[in-house]
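**Q** Pasting final13.txt here (compact mmCIF, C-alpha atoms):
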```txt
# COMPACT_ATOMS: atom_id res chain seq x y z
CA MET A 1 -14.00 -19.78 -28.05
CA VAL A 2 -10.72 -18.55 -29.55
CA ASP A 3 -12.33 -15.15 -30.22
CA ALA A 4 -13.51 -14.89 -26.60
CA MET A 5 -10.02 -15.73 -25.34
CA TYR A 6 -8.47 -13.28 -27.80
CA MET A 7 -10.84 -10.54 -26.53
CA ALA A 8 -10.02 -11.41 -22.90
CA VAL A 9 -6.27 -11.04 -23.58
CA ILE A 10 -6.79 -7.69 -25.35
CA ASP A 11 -9.01 -6.40 -22.53
CA TRP A 12 -6.44 -7.62 -19.99
CA PHE A 13 -3.61 -5.70 -21.71
CA ILE A 14 -5.64 -2.50 -22.21
CA GLN A 15 -6.94 -2.46 -18.64
CA LEU A 16 -3.58 -3.35 -17.13
CA LEU A 17 -1.43 -0.86 -19.01
CA LEU A 18 -3.81 1.94 -20.06
CA TYR A 19 -7.13 2.32 -18.26
CA PRO A 20 -7.72 1.86 -15.32
CA GLY A 21 -4.17 0.50 -14.98
CA LEU A 22 -0.76 2.08 -15.30
CA VAL A 23 -1.26 5.16 -17.52
CA PHE A 24 -4.47 6.18 -15.73
CA MET A 25 -2.75 5.69 -12.37
CA VAL A 26 0.16 7.94 -13.42
CA ALA A 27 -2.38 10.64 -14.38
CA MET A 28 -4.13 10.12 -11.03
CA ILE A 29 -0.82 10.45 -9.14
CA ILE A 30 -0.17 13.82 -10.84
CA LEU A 31 -3.71 15.03 -10.06
CA THR A 32 -3.84 13.80 -6.44
CA GLN A 33 -0.35 15.01 -5.54
CA TRP A 34 -1.14 18.45 -6.98
CA PHE A 35 -4.42 18.41 -5.01
CA ALA A 36 -2.65 17.33 -1.79
CA ARG A 37 -0.05 20.09 -2.19
CA LYS A 38 -2.70 22.73 -2.82
CA VAL A 39 -4.71 21.61 0.25
CA SER A 40 -1.56 21.50 2.43
CA ALA A 41 -0.56 24.93 1.15
CA ARG A 42 -3.99 26.42 1.99
CA ILE A 43 -3.79 25.01 5.53
CA GLN A 44 -0.31 26.51 5.95
CA TYR A 45 -1.27 29.91 4.42
CA ARG A 46 0.74 29.33 1.23
CA ARG A 47 -0.32 29.22 -2.43
CA GLY A 48 1.13 25.84 -3.37
CA PRO A 49 2.28 24.94 -6.91
CA CYS A 50 1.36 27.68 -9.44
CA TYR A 51 3.80 27.82 -12.33
CA THR A 52 4.21 24.43 -14.04
CA GLY A 53 1.16 23.82 -16.23
CA PRO A 54 -2.29 25.36 -15.68
CA LEU A 55 -2.69 26.16 -11.93
CA GLY A 56 0.61 24.33 -11.32
CA ILE A 57 -0.98 20.93 -12.00
CA LEU A 58 2.15 19.57 -13.73
CA GLN A 59 4.45 20.35 -10.77
CA PRO A 60 4.38 16.72 -9.42
CA PHE A 61 5.31 15.48 -12.92
CA ALA A 62 8.16 18.02 -13.11
CA ASP A 63 9.45 16.86 -9.71
CA PHE A 64 9.26 13.23 -10.84
CA MET A 65 11.25 14.06 -13.99
CA LYS A 66 13.80 15.96 -11.89
CA LEU A 67 14.40 12.83 -9.81
CA LEU A 68 14.75 10.72 -12.96
CA MET A 69 17.33 13.16 -14.43
CA LYS A 70 19.66 12.73 -11.47
CA GLU A 71 22.53 10.28 -11.44
CA ASP A 72 21.66 6.86 -10.02
CA VAL A 73 24.08 6.73 -7.07
CA VAL A 74 24.14 3.61 -4.88
CA SER A 75 25.86 2.85 -1.59
CA ARG A 76 28.60 0.24 -1.95
CA TYR A 77 27.07 -1.81 0.86
CA SER A 78 23.50 -1.85 -0.45
CA LEU A 79 21.71 -4.13 -2.91
CA ARG A 80 21.71 -2.64 -6.41
CA LEU A 81 19.19 -4.22 -8.76
CA ALA A 82 16.83 -6.02 -6.34
CA PRO A 83 15.26 -2.89 -4.70
CA VAL A 84 14.48 -1.38 -8.12
CA LEU A 85 12.85 -4.62 -9.32
CA ILE A 86 10.84 -5.11 -6.10
CA ALA A 87 9.67 -1.45 -6.14
CA SER A 88 8.58 -1.90 -9.78
CA LEU A 89 6.65 -5.06 -8.82
CA GLY A 90 4.97 -3.14 -5.97
CA VAL A 91 3.77 -0.53 -8.49
CA GLY A 92 2.73 -3.33 -10.88
CA ALA A 93 0.67 -5.05 -8.15
CA LEU A 94 -1.23 -1.85 -7.34
CA ALA A 95 -1.89 -1.11 -11.02
CA ALA A 96 -3.19 -4.68 -11.48
CA VAL A 97 -5.66 -4.27 -8.58
CA MET A 98 -7.61 -1.74 -10.64
CA MET A 99 -8.74 -4.51 -13.04
CA MET A 100 -10.78 -5.91 -10.14
CA THR A 101 -12.71 -2.68 -9.46
CA PRO A 102 -15.88 -1.30 -11.16
CA LEU A 103 -13.59 1.30 -12.76
CA ALA A 104 -12.57 -1.46 -15.20
CA TYR A 105 -14.87 -1.71 -18.24
CA ALA A 106 -14.41 -5.51 -18.33
CA PRO A 107 -13.30 -6.55 -14.82
CA PHE A 108 -11.56 -9.85 -14.06
CA TYR A 109 -13.13 -11.38 -10.96
CA GLY A 110 -14.47 -14.56 -9.39
CA ASP A 111 -15.33 -16.27 -6.11
CA ILE A 112 -12.93 -15.51 -3.22
CA ASP A 113 -11.07 -12.89 -5.29
CA VAL A 114 -10.73 -10.87 -2.07
CA ILE A 115 -7.70 -13.06 -1.22
CA VAL A 116 -6.04 -12.01 -4.48
CA LEU A 117 -6.86 -8.37 -3.62
CA PHE A 118 -5.14 -8.56 -0.21
CA TYR A 119 -2.19 -10.43 -1.72
CA LEU A 120 -1.68 -7.65 -4.30
CA LEU A 121 -2.18 -4.82 -1.80
CA LEU A 122 0.43 -6.32 0.53
CA TRP A 123 3.04 -6.18 -2.24
CA SER A 124 3.50 -2.41 -2.08
CA SER A 125 4.04 -2.44 1.72
CA LEU A 126 6.56 -5.25 1.31
CA ALA A 127 8.26 -3.31 -1.51
CA ILE A 128 8.70 -0.26 0.74
CA LEU A 129 10.02 -2.53 3.51
CA PHE A 130 12.47 -4.13 1.08
CA LEU A 131 13.68 -0.72 -0.14
CA GLY A 132 14.67 0.07 3.45
CA ILE A 133 16.23 -3.31 4.27
CA SER A 134 18.48 -3.21 1.22
CA THR A 135 20.47 -0.15 2.35
CA PRO A 136 22.94 -0.05 5.26
CA ASN A 137 22.23 3.28 6.99
CA PRO A 138 21.33 3.10 10.74
CA TYR A 139 18.47 5.56 10.19
CA THR A 140 17.13 3.26 7.47
CA SER A 141 17.28 0.33 9.90
CA LEU A 142 15.40 2.37 12.50
CA GLY A 143 12.81 3.28 9.87
CA VAL A 144 12.43 -0.36 8.77
CA GLY A 145 12.06 -1.58 12.39
CA ARG A 146 9.39 1.06 12.96
CA TYR A 147 7.64 0.29 9.66
CA LEU A 148 7.65 -3.43 10.56
CA ALA A 149 6.02 -2.64 13.93
CA LEU A 150 3.45 -0.43 12.17
CA LEU A 151 2.60 -3.12 9.61
CA ALA A 152 2.38 -5.87 12.27
CA SER A 153 -0.10 -3.68 14.16
CA SER A 154 -2.16 -2.21 11.32
CA GLU A 155 -2.40 -5.01 8.72
CA PRO A 156 -4.51 -7.39 10.90
CA VAL A 157 -6.93 -4.50 11.67
CA TYR A 158 -7.01 -3.43 8.04
CA ILE A 159 -7.67 -6.93 6.68
CA ALA A 160 -10.22 -7.86 9.40
CA SER A 161 -12.23 -4.66 8.91
CA PHE A 162 -12.08 -4.73 5.08
CA LEU A 163 -13.38 -8.33 5.21
CA VAL A 164 -16.58 -7.26 7.01
CA PRO A 165 -18.44 -5.82 3.94
CA VAL A 166 -17.32 -8.83 1.88
CA ILE A 167 -18.75 -11.26 4.48
CA ILE A 168 -22.06 -9.36 4.72
CA ALA A 169 -22.38 -9.16 0.92
CA SER A 170 -21.69 -12.90 0.63
CA LYS A 171 -24.24 -13.79 3.33
CA ARG A 172 -27.05 -11.52 2.15
CA TYR A 173 -26.50 -11.09 -1.60
CA GLY A 174 -24.49 -14.15 -2.68
CA ALA A 175 -21.32 -12.22 -3.52
CA GLY A 176 -19.20 -15.37 -3.03
CA TYR A 177 -16.43 -13.51 -1.14
CA SER A 178 -15.75 -11.52 -4.28
CA PHE A 179 -14.46 -7.97 -3.90
CA TYR A 180 -15.92 -6.91 -7.25
CA ARG A 181 -19.40 -8.31 -6.54
CA THR A 182 -19.30 -6.75 -3.04
CA SER A 183 -18.52 -3.34 -4.54
CA LEU A 184 -21.65 -3.63 -6.74
CA VAL A 185 -23.95 -4.16 -3.72
CA ALA A 186 -21.99 -1.95 -1.29
CA HIS A 187 -24.88 0.55 -0.98
CA LYS A 188 -27.19 -2.20 0.39
CA LEU A 189 -24.77 -3.42 3.09
CA TRP A 190 -25.70 -0.72 5.61
CA THR A 191 -29.44 -1.39 5.50
CA GLY A 192 -29.77 -5.21 5.64
CA SER A 193 -30.31 -5.39 9.41
CA ILE A 194 -29.30 -3.56 12.60
CA GLY A 195 -26.53 -6.13 13.14
CA ASP A 196 -25.16 -5.47 9.65
CA ALA A 197 -25.27 -1.70 10.17
CA LEU A 198 -23.44 -2.07 13.51
CA ALA A 199 -20.81 -4.35 11.98
CA MET A 200 -20.31 -1.90 9.10
CA LEU A 201 -20.01 1.06 11.47
CA LEU A 202 -17.39 -0.67 13.64
CA ALA A 203 -15.50 -1.86 10.56
CA LEU A 204 -15.65 1.63 9.01
CA ALA A 205 -14.08 3.21 12.12
CA ALA A 206 -11.39 0.53 12.52
CA GLY A 207 -10.78 0.34 8.76
CA PHE A 208 -10.30 4.10 8.39
CA VAL A 209 -7.72 4.25 11.20
CA ALA A 210 -5.96 1.14 9.85
CA MET A 211 -5.94 2.70 6.37
CA MET A 212 -4.31 5.84 7.82
CA ALA A 213 -1.67 3.66 9.49
CA VAL A 214 -0.93 1.63 6.35
CA LEU A 215 -0.63 4.85 4.30
CA GLU A 216 1.57 6.46 7.01
CA ILE A 217 -0.79 9.39 7.40
CA LYS A 218 -0.09 11.43 10.55
CA PRO A 219 -0.17 10.55 13.45
CA PHE A 220 1.18 7.23 12.09
CA ASP A 221 4.11 8.54 10.03
CA PHE A 222 6.81 7.56 12.55
CA PRO A 223 8.62 5.18 10.10
CA GLU A 224 9.54 8.26 8.01
CA ALA A 225 9.71 10.99 10.69
CA GLU A 226 11.92 13.31 8.62
CA GLY A 227 12.95 15.56 11.51
CA GLU A 228 13.78 12.63 13.76
CA ILE A 229 15.31 9.79 11.72
CA TYR A 230 15.89 11.64 8.45
CA TRP A 231 13.08 9.96 6.47
CA GLY A 232 13.83 6.49 7.88
CA VAL A 233 13.22 3.94 5.15
CA PHE A 234 14.23 6.39 2.38
CA THR A 235 17.29 8.04 4.00
CA GLU A 236 19.77 6.58 1.50
CA TYR A 237 17.59 7.07 -1.56
CA GLY A 238 17.78 9.74 -4.24
CA GLY A 239 17.37 10.15 -7.99
CA PRO A 240 15.49 7.49 -9.98
CA ARG A 241 15.36 5.07 -7.02
CA LEU A 242 13.56 7.64 -4.90
CA ALA A 243 11.23 8.30 -7.86
CA LEU A 244 10.23 4.61 -7.85
CA ALA A 245 9.77 4.66 -4.05
CA PHE A 246 7.48 7.71 -4.39
CA PHE A 247 5.63 5.95 -7.21
CA ASN A 248 4.83 3.15 -4.72
CA LEU A 249 3.85 5.49 -1.88
CA PHE A 250 1.62 7.76 -3.97
CA LEU A 251 -0.05 4.87 -5.80
CA GLU A 252 -0.83 3.24 -2.43
CA ARG A 253 -2.59 6.50 -1.48
CA ILE A 254 -4.84 6.12 -4.52
CA VAL A 255 -5.62 2.40 -4.61
CA ILE A 256 -6.29 1.72 -0.90
CA PRO A 257 -8.74 4.66 -0.46
CA ILE A 258 -10.54 3.57 -3.68
CA VAL A 259 -10.93 0.07 -2.17
CA PHE A 260 -12.23 1.75 1.03
CA VAL A 261 -14.79 3.76 -1.01
CA LEU A 262 -15.92 0.66 -2.91
CA LEU A 263 -16.46 -1.38 0.27
CA PHE A 264 -17.71 1.14 2.83
CA LEU A 265 -19.06 4.21 1.03
CA GLY A 266 -21.57 2.63 -1.31
CA GLY A 267 -19.21 1.97 -4.24
CA THR A 268 -20.67 3.22 -7.50
CA ALA A 269 -24.11 4.09 -5.95
CA PRO A 270 -26.38 5.80 -6.91
CA TYR A 271 -25.29 4.61 -10.38
CA SER A 272 -24.63 1.08 -11.53
CA PRO A 273 -21.81 0.34 -14.00
CA ALA A 274 -24.22 -1.87 -15.98
CA ASP A 275 -26.67 1.05 -16.50
CA ASN A 276 -24.40 4.07 -16.75
CA TYR A 277 -20.73 3.17 -16.72
CA ALA A 278 -19.38 6.73 -17.09
CA LEU A 279 -21.42 8.16 -14.21
CA ALA A 280 -20.58 5.15 -12.02
CA VAL A 281 -16.84 5.74 -12.59
CA ILE A 282 -17.16 9.50 -11.97
CA THR A 283 -19.07 8.78 -8.72
CA VAL A 284 -16.30 6.51 -7.42
CA LEU A 285 -13.63 9.08 -8.30
CA VAL A 286 -15.54 11.93 -6.62
CA LYS A 287 -16.05 9.83 -3.45
CA TYR A 288 -12.35 8.93 -3.55
CA LEU A 289 -11.34 12.60 -3.83
CA VAL A 290 -13.46 13.40 -0.76
CA VAL A 291 -11.73 10.62 1.25
CA PHE A 292 -8.33 11.76 -0.05
CA PHE A 293 -9.14 15.36 0.94
CA ILE A 294 -10.03 14.23 4.51
CA LEU A 295 -6.81 12.18 4.73
CA THR A 296 -4.76 15.17 3.50
CA VAL A 297 -6.37 17.51 6.04
CA ILE A 298 -5.72 15.02 8.88
CA ASP A 299 -2.13 14.60 7.66
CA ASN A 300 -1.63 18.36 7.92
CA MET A 301 -3.36 18.85 11.26
CA MET A 302 -2.15 16.00 13.46
CA PRO A 303 1.12 15.72 15.40
CA ARG A 304 3.08 12.46 15.28
CA TYR A 305 2.71 9.53 17.71
CA ARG A 306 5.76 7.92 19.26
CA PRO A 307 6.14 4.40 17.78
CA ASP A 308 5.06 2.66 21.02
CA GLN A 309 2.05 5.02 21.40
CA ALA A 310 0.81 4.28 17.89
CA VAL A 311 1.35 0.52 18.20
CA ARG A 312 -0.40 0.43 21.61
CA LYS A 313 -3.42 2.35 20.30
CA LEU A 314 -3.73 0.14 17.22
CA TRP A 315 -3.62 -3.07 19.31
CA LYS A 316 -5.70 -1.78 22.20
CA TYR A 317 -8.55 0.01 20.41
CA THR A 318 -8.74 -0.71 16.69
CA LEU A 319 -7.92 -4.45 16.74
CA PRO A 320 -10.76 -5.35 19.19
CA LEU A 321 -13.07 -3.06 17.18
CA ALA A 322 -12.20 -4.85 13.94
CA PHE A 323 -12.67 -8.32 15.51
CA LEU A 324 -15.99 -7.24 17.05
CA ALA A 325 -17.12 -6.09 13.60
CA LEU A 326 -15.97 -9.40 12.14
CA ILE A 327 -17.93 -11.38 14.77
CA ALA A 328 -21.00 -9.17 14.25
CA ALA A 329 -20.78 -9.67 10.47
CA VAL A 330 -20.53 -13.45 10.80
CA TYR A 331 -23.25 -13.96 13.46
CA ALA A 332 -25.65 -11.00 12.95
CA MET B 1 -19.21 -2.03 -21.38
CA VAL B 2 -18.86 -5.85 -21.26
CA ALA B 3 -19.93 -7.95 -18.27
CA GLY B 4 -16.40 -8.89 -17.33
CA TYR B 5 -14.51 -12.17 -17.06
CA VAL B 6 -15.26 -14.65 -14.28
CA TYR B 7 -12.62 -17.20 -13.29
CA ASP B 8 -11.96 -19.57 -10.40
CA PRO B 9 -9.61 -18.30 -7.65
CA TYR B 10 -6.55 -20.25 -8.85
CA ILE B 11 -6.74 -18.93 -12.44
CA LEU B 12 -7.49 -15.46 -11.06
CA ALA B 13 -4.38 -15.56 -8.86
CA LEU B 14 -2.32 -16.49 -11.95
CA ILE B 15 -3.94 -13.76 -14.08
CA TYR B 16 -3.25 -11.07 -11.48
CA SER B 17 0.28 -12.31 -10.73
CA ALA B 18 1.01 -12.16 -14.48
CA GLY B 19 -0.52 -8.65 -14.51
CA MET B 20 1.73 -7.62 -11.64
CA PHE B 21 4.86 -8.92 -13.41
CA VAL B 22 3.99 -7.38 -16.80
CA SER B 23 3.04 -4.04 -15.27
CA GLY B 24 6.13 -4.10 -13.00
CA LEU B 25 8.36 -4.89 -15.98
CA VAL B 26 6.89 -1.95 -17.94
CA VAL B 27 7.51 0.35 -14.94
CA TYR B 28 11.11 -0.86 -14.67
CA LEU B 29 11.84 -0.59 -18.40
CA VAL B 30 10.03 2.70 -19.07
CA PHE B 31 10.33 4.72 -15.86
CA TYR B 32 13.72 3.46 -14.66
CA LYS B 33 15.64 2.45 -17.79
CA LEU B 34 14.15 4.42 -20.74
CA PHE B 35 13.35 7.74 -19.00
CA HIS B 36 16.70 7.71 -17.26
CA LYS B 37 18.47 7.00 -20.55
CA LEU B 38 16.58 9.79 -22.37
CA TYR B 39 16.54 12.46 -19.70
CA GLY B 40 19.14 11.23 -17.18
CA SER B 41 22.05 13.36 -16.09
CA LYS B 42 24.98 13.28 -18.52
CA VAL B 43 27.39 14.35 -15.75
CA ARG B 44 28.81 11.23 -14.16
CA SER B 45 30.83 10.74 -10.99
CA PRO B 46 33.97 8.58 -11.33
CA SER B 47 31.96 5.76 -9.71
CA ARG B 48 28.23 5.49 -9.08
CA LEU B 49 29.04 3.34 -6.04
CA LYS B 50 29.27 5.44 -2.89
CA ASP B 51 31.61 4.34 -0.08
CA GLU B 52 30.35 6.69 2.62
CA ILE B 53 27.16 6.51 4.63
CA VAL B 54 25.56 9.90 5.32
CA MET B 55 24.67 10.39 8.97
CA CYS B 56 24.07 13.51 11.08
CA GLY B 57 25.16 15.70 8.15
CA MET B 58 28.52 13.95 7.89
CA GLU B 59 29.77 10.97 5.93
CA TYR B 60 31.04 7.84 7.62
CA GLU B 61 32.70 4.78 6.12
CA GLY B 62 32.25 1.17 7.03
CA GLU B 63 29.79 -1.66 7.03
CA GLU B 64 29.44 -1.85 10.82
CA LEU B 65 27.14 1.22 10.86
CA THR B 66 23.87 -0.68 11.20
CA ALA B 67 21.17 -0.90 13.84
CA PRO B 68 19.55 -4.34 14.29
CA ILE B 69 16.06 -4.09 12.77
CA SER B 70 14.66 -6.96 14.83
CA LYS B 71 15.85 -5.25 18.04
CA VAL B 72 14.08 -2.01 17.03
CA PHE B 73 10.89 -3.98 16.32
CA THR B 74 10.90 -6.00 19.56
CA ASP B 75 11.81 -2.89 21.57
CA ILE B 76 8.76 -1.00 20.19
CA MET B 77 6.51 -4.00 20.91
CA ARG B 78 7.95 -4.35 24.44
CA LYS B 79 7.30 -0.69 25.21
CA ALA B 80 3.86 -0.65 23.56
CA LEU B 81 2.51 -3.92 24.95
CA PRO B 82 4.56 -4.82 28.05
CA ARG B 83 2.16 -7.52 29.32
CA LEU B 84 1.83 -9.23 25.93
CA HIS B 85 5.60 -9.10 25.46
CA LYS B 86 6.18 -10.58 28.94
CA GLY B 87 3.65 -13.33 28.25
CA LEU B 88 5.25 -14.15 24.89
CA TYR B 89 8.71 -14.09 26.49
CA GLU B 90 7.64 -16.52 29.20
CA LYS B 91 5.64 -18.84 26.93
CA THR B 92 8.19 -19.05 24.12
CA GLY B 93 11.22 -18.73 26.38
CA THR B 94 12.81 -16.12 24.12
CA GLY B 95 12.62 -12.43 23.26
CA VAL B 96 14.41 -12.82 19.91
CA LEU B 97 12.30 -12.02 16.84
CA ASN B 98 13.68 -14.88 14.73
CA ASP B 99 12.62 -17.39 17.43
CA TRP B 100 9.11 -15.89 17.39
CA PHE B 101 9.07 -16.28 13.62
CA ALA B 102 10.04 -19.94 14.07
CA TRP B 103 7.05 -20.40 16.40
CA MET B 104 4.76 -18.61 13.93
CA LEU B 105 6.06 -20.84 11.13
CA ILE B 106 5.27 -23.96 13.18
CA ILE B 107 1.72 -22.68 13.84
CA LEU B 108 1.33 -21.82 10.12
CA PHE B 109 2.38 -25.37 9.12
CA ILE B 110 -0.12 -26.83 11.60
CA LEU B 111 -2.89 -24.64 10.09
CA VAL B 112 -1.91 -25.66 6.55
CA ALA B 113 -1.90 -29.34 7.61
CA PHE B 114 -5.41 -28.89 9.11
CA ALA B 115 -6.64 -27.18 5.94
CA VAL B 116 -5.22 -29.86 3.65
CA PHE B 117 -5.94 -33.05 5.59
CA ILE B 118 -9.19 -32.33 7.46
CA LYS B 119 -12.16 -32.23 5.11
CA PRO B 120 -15.52 -30.83 6.31
CA GLY B 121 -18.46 -33.25 6.62
```
For the file at hand, write its structure as structure tokens.

**A**
Amino acid sequence: MVDAMYMAVIDWFIQLLLYPGLVFMVAMIILTQWFARKVSARIQYRRGPCYTGPLGILQPFADFMKLLMKEDVVSRYSLRLAPVLIASLGVGALAAVMMMTPLAYAPFYGDIDVIVLFYLLLWSSLAILFLGISTPNPYTSLGVGRYLALLASSEPVYIASFLVPVIIASKRYGAGYSFYRTSLVAHKLWTGSIGDALAMLLALAAGFVAMMAVLEIKPFDFPEAEGEIYWGVFTEYGGPRLALAFFNLFLERIVIPIVFVLLFLGGTAPYSPADNYALAVITVLVKYLVVFFILTVIDNMMPRYRPDQAVRKLWKYTLPLAFLALIAAVYA
Amino acid sequence: MVAGYVYDPYILALIYSAGMFVSGLVVYLVFYKLFHKLYGSKVRSPSRLKDEIVMCGMEYEGEELTAPISKVFTDIMRKALPRLHKGLYEKTGTGVLNDWFAWMLIILFILVAFAVFIKPG
């Protein structure tokens, strides 16, 4: 009994801080940001990062270190310690989520763990919101007001559509509203019945758009809008504080698409973590990179919505779609 | 690979909250404190507190330079969903965000009361 508990604590620490937690996530940030810059550069007829490390792969790390080297300057009218602590907690919440995925070698899960998942995912959005609120600049306030409107419009869609696979998995395969168990049977969710397939299709469409909105991918990047409100939420930030804000933003762009892959794109299929753990992990990461590539291409190709346009479209089209999917999942 | 650890939702919430705090603390201590101490700029301004607010390429002083966040939010919602906004305005008798939050809080308490006091079956 004591041995089992001792093992659980060791596994918890390793998975939280090393793999697939913090250290692995830092490596993933470096890789994905390099990848995003290379893709953006190709679209804009540039070469992208080339010099720092092989093929310029260490450029995001060099930029991060550059921000950390700068002096930590704070506005006299802003909060000083609280934004740094809240941003750190946002990063911590996202790193902790990874212990619930099949990427973890000994995942921590249980019935209704999907509530814990949403609670943790919401932390990073709230952290970004708090970073904006705690500084006095008018552009920051505009950015926070816009970000608040974006969250109020996209979070209900995002949660409703991400619940659909969990509901279907619980009804058909006894997943007990567990995110982890759902991700193990995700490849069967599309083929249970026509109703299930329809619910999954509607949820996939609504969920993808909501994911773009939550991640501020164009055309939903109006809370930042660098040419319009000077980066909105982050106007007053620089140096190590901006590094922590970026840490939150970039980690969000890893964790939320991985959750999307695990729920909608078959998870670890065609491999099962119980049979071949390494191939199952590689499959998830490859699927994630494909989703990330699509998001990066969209981000480079689309113009920006006005705030009211984006909010109207999210409420008018994606919210009914997500609720329809939810109803179909419950009653199909 | 081990099968994993299965817990009930309450314990799981505690485990993940603890994970969030531990991981957040490591981020704060390593990436903010330690890295900045090791690699941070040795050139210091007389004060790290800045009096001016940068705006339109110039620097302004004063605390009054703020835009009300709730006004920005309600303005976007009014423009995006005029009929819903009008309905909410008429039903709640107010267009102020804090009053809407008060209504939402009342509804939330009613839902919590239902969840706690009404048992199925």

**Q** Do a neighbour search on Leu94 of chain A at 12 Å with all atoms listed in the file, toss out local chain neighbours closer than 3 positions, and write the hits as an mmCIF file with C-alpha atoms, in the frame of the given file.

**A**
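Result went into result12.cif, see below:
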```
data_model
loop_
_atom_site.group_PDB
_atom_site.id
_atom_site.type_symbol
_atom_site.label_atom_id
_atom_site.label_comp_id
_atom_site.auth_asym_id
_atom_site.auth_seq_id
_atom_site.Cartn_x
_atom_site.Cartn_y
_atom_site.Cartn_z
ATOM 1 C CA LEU A 16 -3.580 -3.350 -17.130
ATOM 2 C CA LEU A 17 -1.430 -0.860 -19.010
ATOM 3 C CA PRO A 20 -7.720 1.860 -15.320
ATOM 4 C CA GLY A 21 -4.170 0.500 -14.980
ATOM 5 C CA LEU A 22 -0.760 2.080 -15.300
ATOM 6 C CA MET A 25 -2.750 5.690 -12.370
ATOM 7 C CA VAL A 26 0.160 7.940 -13.420
ATOM 8 C CA ALA A 87 9.670 -1.450 -6.140
ATOM 9 C CA SER A 88 8.580 -1.900 -9.780
ATOM 10 C CA LEU A 89 6.650 -5.060 -8.820
ATOM 11 C CA GLY A 90 4.970 -3.140 -5.970
ATOM 12 C CA VAL A 91 3.770 -0.530 -8.490
ATOM 13 C CA VAL A 97 -5.660 -4.270 -8.580
ATOM 14 C CA MET A 98 -7.610 -1.740 -10.640
ATOM 15 C CA MET A 99 -8.740 -4.510 -13.040
ATOM 16 C CA MET A 100 -10.780 -5.910 -10.140
ATOM 17 C CA THR A 101 -12.710 -2.680 -9.460
ATOM 18 C CA VAL A 116 -6.040 -12.010 -4.480
ATOM 19 C CA LEU A 117 -6.860 -8.370 -3.620
ATOM 20 C CA PHE A 118 -5.140 -8.560 -0.210
ATOM 21 C CA TYR A 119 -2.190 -10.430 -1.720
ATOM 22 C CA LEU A 120 -1.680 -7.650 -4.300
ATOM 23 C CA LEU A 121 -2.180 -4.820 -1.800
ATOM 24 C CA LEU A 122 0.430 -6.320 0.530
ATOM 25 C CA TRP A 123 3.040 -6.180 -2.240
ATOM 26 C CA SER A 124 3.500 -2.410 -2.080
ATOM 27 C CA SER A 125 4.040 -2.440 1.720
ATOM 28 C CA ALA A 127 8.260 -3.310 -1.510
ATOM 29 C CA PHE A 247 5.630 5.950 -7.210
ATOM 30 C CA ASN A 248 4.830 3.150 -4.720
ATOM 31 C CA LEU A 249 3.850 5.490 -1.880
ATOM 32 C CA PHE A 250 1.620 7.760 -3.970
ATOM 33 C CA LEU A 251 -0.050 4.870 -5.800
ATOM 34 C CA GLU A 252 -0.830 3.240 -2.430
ATOM 35 C CA ARG A 253 -2.590 6.500 -1.480
ATOM 36 C CA ILE A 254 -4.840 6.120 -4.520
ATOM 37 C CA VAL A 255 -5.620 2.400 -4.610
ATOM 38 C CA ILE A 256 -6.290 1.720 -0.900
ATOM 39 C CA ILE A 258 -10.540 3.570 -3.680
ATOM 40 C CA VAL A 259 -10.930 0.070 -2.170
ATOM 41 C CA TYR B 16 -3.250 -11.070 -11.480
ATOM 42 C CA SER B 17 0.280 -12.310 -10.730
ATOM 43 C CA GLY B 19 -0.520 -8.650 -14.510
ATOM 44 C CA MET B 20 1.730 -7.620 -11.640
ATOM 45 C CA PHE B 21 4.860 -8.920 -13.410
ATOM 46 C CA SER B 23 3.040 -4.040 -15.270
ATOM 47 C CA GLY B 24 6.130 -4.100 -13.000
ATOM 48 C CA VAL B 27 7.510 0.350 -14.940
#
```

**Q** From the options B:Met104, B:Ala115, B:Leu84, B:Ile76, which residue's atoms come nearest to chain A, counting only C-alpha atoms?

**A**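 Between B:Met104, B:Ala115, B:Leu84, B:Ile76, the residue approaching chain A most closely is B:Ile76.
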
**Q** If we count all atoms listed in the file, which residues of chain A reach to within 7 Å of chain B? Please list them as a ChimeraX atom specification.

**A** /A:16-17,68-77,85,88-89,91-93,96,105-113,116,136-138,141-142,144-146,148-149,240,307-309,311-312

**Q** Select, counting all atoms listed in the file, all protein, DNA and RNA residues no farther than 12 Å from (13.9, -13.0, 21.9) in file coordinates, and express the selection as a PyMOL selection string.

**A** chain B and resi 70-71+73-75+77-78+85-86+88-103

**Q** One decimal, in Å: what's the spacing between atom CA of Ser178 of chain A and atom CA of Ile159 of chain A?

**A**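 Atom CA of Ile159 of chain A lies 14.4 Å from atom CA of Ser178 of chain A.
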
**Q** Rounded to one decimal place, report the atom CA of Tyr305 of chain A-atom CA of Leu265 of chain A distance in Å.

**A**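 These two atoms are separated by 27.9 Å.
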
**Q** Compare A:Pro257, A:Leu279, A:Ala104, A:Pro54 by their minimum atom-to-atom distance to Trp12 of chain A, counting only C-alpha atoms, and give me the closest one.

**A**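 Closest to Trp12 of chain A, using only C-alpha atoms: A:Ala104.
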
**Q** Just give me the gap between atom CA of Leu295 of chain A and atom CA of Ile194 of chain A in Å, one decimal is fine.

**A**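 Atom CA of Ile194 of chain A lies 28.6 Å from atom CA of Leu295 of chain A.
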